[in-house]
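Visitor: My structure is below; once you've seen it, I'll send some questions.
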Amino acid sequence: MTFTEVQRFQDRLHAKTSEFQNRITETHKFIGFVLSEVKNPYVACSFGKDSVVMLHLVLKHRPNIPVYSFSNKQYDFPDTHRLRWELQEKWNLNLVLVERDVSRAVKIEDEGGAYNRLYFSVLREQIQKHKWDCAFVGKRKQEAPRRKREIDRKGSFFPDALNGKIAYPLH
C-alpha cells in the first residue's frame with residue numbers, strides 16, 4: 001500500500017467518526033442560519049483545499065450560489081486552474097471568474113501589496129455589480145495566528161465594510 005492509499009484509508013475512517021460527523025452537522029446548521037439571514041450571498045473561492053470543502057458544503061444548501069474566483073496565473077498554483085474547470089463541469093457552478101495579469105503592474109518590492117490592492121478593487125466592483133451582501137470564506141483558525149485572532153475577536157459571522165457580512169463556516 002502506498003503512502004497516498006494509506007492516507008485515503010485513514011481519511012475515510014476519520015470521516016466516519018462521530019466527532020467528524022458532528023462537525024459536519026454543525027457546519028450545515030451554521031450555513032443554513034447564514035442563508036436565512038442574508039438575501040444575495042456568494043462564495044469566495046480560491047479553489048484551494050479549504051475553499052473547495054466550503055464550496056461543497058454550501059452548494060448542498062444553495063446549488064446555484066454565485067462562486068467568485070479571482071485568477072492570476074502568476075500567483076495561482078498550476079493545479080488551481082485544472083481543478084476550477086473540473087469542478088465547474090462536475091458541479092455546474094455559477095462561476096464568476098475574474099482573470100487579471102498583474103505581472104506587468106507589480107513592482108518586485110511591492111508584490112503582495114499590489115496584488116491585494118488589485119484583488120480587492122476587482123472584488124469591490126463585483127460586489128457592487130451583483131449586489132452581493134454576504135461572502136462565504138473558507139478561512140480556518142488553524143491556518144495562521146492572525147486569522148485565529150480575527151475569528152476569536154469577530155466570530156464566524158459578522159458585518160464587513162466590503163461584503164456586507166462575512167461567514168466563516170470552517171472556522
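Ordering of the C-alpha cells sets the chain letters (A, B, ...); residue numbers start at 1 within each chain; ligands are numbered from 1 in the order shown.
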Which residues, written as number ranges by chain, have at least one atom at most 10 Å from region 56-63 of chain A, with only C-alpha atoms counted and residues fewer than 3 positions away on the same chain left out?
Guide: A: 24, 27-28, 31-32, 35, 41-43, 50-53, 66-67, 87, 91-94, 136, 169-170
Visitor: Find the spatial neighbours of Leu83 (chain A), counting only C-alpha atoms, within a cut-off of 10 Å - ignore same-chain residues fewer than 6 positions away - and output them as an mmCIF file with N, CA, C and O atoms, in the first residue's frame.
Guide:
data_model
loop_
_atom_site.group_PDB
_atom_site.id
_atom_site.type_symbol
_atom_site.label_atom_id
_atom_site.label_comp_id
_atom_site.auth_asym_id
_atom_site.auth_seq_id
_atom_site.Cartn_x
_atom_site.Cartn_y
_atom_site.Cartn_z
ATOM 1 N N PHE A 47 -10.209 27.971 -4.863
ATOM 2 C CA PHE A 47 -10.058 26.596 -5.311
ATOM 3 C C PHE A 47 -8.878 25.913 -4.649
ATOM 4 O O PHE A 47 -8.332 24.944 -5.156
ATOM 5 N N GLY A 48 -8.514 26.406 -3.469
ATOM 6 C CA GLY A 48 -7.613 25.694 -2.581
ATOM 7 C C GLY A 48 -8.436 24.699 -1.768
ATOM 8 O O GLY A 48 -9.675 24.675 -1.857
ATOM 9 N N VAL A 52 -12.593 24.694 -1.443
ATOM 10 C CA VAL A 52 -13.355 23.634 -2.126
ATOM 11 C C VAL A 52 -14.249 22.892 -1.135
ATOM 12 O O VAL A 52 -15.414 22.600 -1.440
ATOM 13 N N GLU A 89 -17.370 21.965 -14.353
ATOM 14 C CA GLU A 89 -18.106 20.987 -15.159
ATOM 15 C C GLU A 89 -18.869 19.990 -14.289
ATOM 16 O O GLU A 89 -20.051 19.735 -14.509
#
Visitor: Find the spatial neighbours of Ala135 (chain A), counting only C-alpha atoms, within a cut-off of 9 Å - ignore same-chain residues fewer than 2 positions away - and output them as a list in words.
Guide: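 Close residues of Ala135 (chain A): Pro41, Tyr42, Val43, Ala44, Trp132, Asp133, Val137, Asn163, Gly164, Lys165, Ile166, Ala167 and Tyr168 of chain A.
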Visitor: Quick one: residues within 12 Å of Ala144 (chain A), only C-alpha atoms, excluding same-chain residues fewer than 6 positions away - as a list in words?
Guide: Glu150, Ile151 and His171 of chain A
Visitor: Between A:Met54, A:Gln88, A:Pro159, A:Thr17, which has the minimum distance to Glu37 (chain A) (counting only C-alpha atoms)?
Guide: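 So, comparing all the options, the nearest one is A:Pro159.
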Visitor: Measuring atom to atom with only C-alpha atoms, identify which of A:His130, A:Lys29, A:His14, A:Arg140 is nearest to Ile65 (chain A).
Guide: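 That would be A:His130, the residue with the smallest distance to Ile65 (chain A).
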Visitor: For His81 (chain A), work out the shell of residues within 10 Å, counting only C-alpha atoms and skipping chain neighbours fewer than 3 positions away, then give it as an MDAnalysis selection string.
Guide: chainID A and resid 46:47 71:73 76:78 84:86
Visitor: What lies within 9 Å of Lys131 (chain A) using only C-alpha atoms, ignoring chain neighbours under 3 positions off, as a PyMOL selection string?
Guide: chain A and resi 40-41+126-128
Visitor: With C-alpha atoms retained, write the just-selected residues as an mmCIF file, in the first residue's frame.
Guide:
data_model
loop_
_atom_site.group_PDB
_atom_site.id
_atom_site.type_symbol
_atom_site.label_atom_id
_atom_site.label_comp_id
_atom_site.auth_asym_id
_atom_site.auth_seq_id
_atom_site.Cartn_x
_atom_site.Cartn_y
_atom_site.Cartn_z
ATOM 1 C CA ASN A 40 -27.759 37.597 -2.001
ATOM 2 C CA PRO A 41 -24.644 35.742 -0.783
ATOM 3 C CA GLN A 126 -18.115 42.604 -8.488
ATOM 4 C CA ILE A 127 -19.924 43.095 -5.167
ATOM 5 C CA GLN A 128 -21.482 46.326 -6.452
#
Visitor: Write out as an NGL selection string all residues of region 2-171 of chain A that backbone DSSP assigns to strand (DSSP E or B).
Guide: :A and (41-44 or 66-71 or 94-99 or 134-137 or 157-160 or 164-167)
Visitor: Which residue, A:Cys134, A:Gln21, A:Ser156, A:Lys141, has the smallest gap to Val38 (chain A) when you use only C-alpha atoms?
Guide: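 Smallest distance to Val38 (chain A) is found for A:Cys134.
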Visitor: Enter the distance from CA of Ser18 (chain A) to CA of Pro145 (chain A), in Å, rounded to one decimal.
Guide: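 That distance, rounded to one decimal, is 28.1 Å.
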Visitor: Do a neighbour search on Leu123 (chain A) at 10 Å with only C-alpha atoms, toss out local chain neighbours closer than 6 positions, and write the hits as a list in words.
Guide: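 What passes the distance filter is Ala44, Tyr68, Ser69, Phe70, Val98, Arg117, Lys129, Leu162 and Asn163 of chain A.
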Visitor: Could you write out that same residue set with N, CA and C atoms as a PDB file, in the first residue's frame?
Guide:
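Result written to out.pdb:
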ATOM      1  N   ALA A  44     -16.651  33.057  -1.925  1.00  0.00           N
ATOM      2  CA  ALA A  44     -15.330  33.485  -2.388  1.00  0.00           C
ATOM      3  C   ALA A  44     -14.453  32.240  -2.429  1.00  0.00           C
ATOM      4  N   TYR A  68     -17.410  33.288  -6.696  1.00  0.00           N
ATOM      5  CA  TYR A  68     -16.470  34.291  -7.189  1.00  0.00           C
ATOM      6  C   TYR A  68     -15.048  33.766  -7.058  1.00  0.00           C
ATOM      7  N   SER A  69     -14.302  33.854  -8.160  1.00  0.00           N
ATOM      8  CA  SER A  69     -12.908  33.431  -8.138  1.00  0.00           C
ATOM      9  C   SER A  69     -12.069  34.451  -8.893  1.00  0.00           C
ATOM     10  N   PHE A  70     -10.999  34.870  -8.266  1.00  0.00           N
ATOM     11  CA  PHE A  70     -10.045  35.801  -8.868  1.00  0.00           C
ATOM     12  C   PHE A  70      -8.836  34.995  -9.289  1.00  0.00           C
ATOM     13  N   VAL A  98     -12.907  36.164 -12.556  1.00  0.00           N
ATOM     14  CA  VAL A  98     -12.232  37.376 -12.994  1.00  0.00           C
ATOM     15  C   VAL A  98     -10.753  37.039 -13.127  1.00  0.00           C
ATOM     16  N   ARG A 117      -4.213  44.993  -3.496  1.00  0.00           N
ATOM     17  CA  ARG A 117      -4.969  46.167  -3.943  1.00  0.00           C
ATOM     18  C   ARG A 117      -5.798  45.838  -5.180  1.00  0.00           C
ATOM     19  N   LYS A 129     -21.645  45.286  -8.626  1.00  0.00           N
ATOM     20  CA  LYS A 129     -22.321  44.841  -9.854  1.00  0.00           C
ATOM     21  C   LYS A 129     -23.419  43.813  -9.552  1.00  0.00           C
ATOM     22  N   LEU A 162     -16.781  45.787   3.252  1.00  0.00           N
ATOM     23  CA  LEU A 162     -16.732  45.476   1.826  1.00  0.00           C
ATOM     24  C   LEU A 162     -17.874  44.561   1.399  1.00  0.00           C
ATOM     25  N   ASN A 163     -18.109  43.508   2.141  1.00  0.00           N
ATOM     26  CA  ASN A 163     -19.039  42.451   1.728  1.00  0.00           C
ATOM     27  C   ASN A 163     -20.442  42.564   2.303  1.00  0.00           C
TER      28      ASN A 163
END
Visitor: Using the chain letters and numbers from this document, which residues of region 1-167 of chain A does DSSP assign to alpha helix (DSSP H), as a VMD selection string?
Guide: chain A and resid 3 to 15 18 to 37 49 to 59 78 to 91 111 to 130 145 to 154
Visitor: To one decimal place, how far is CA of Asp79 (chain A) from CA of Cys45 (chain A) in Å?
Guide: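 Pair CA of Asp79 (chain A) / CA of Cys45 (chain A) returns 14.3 Å.
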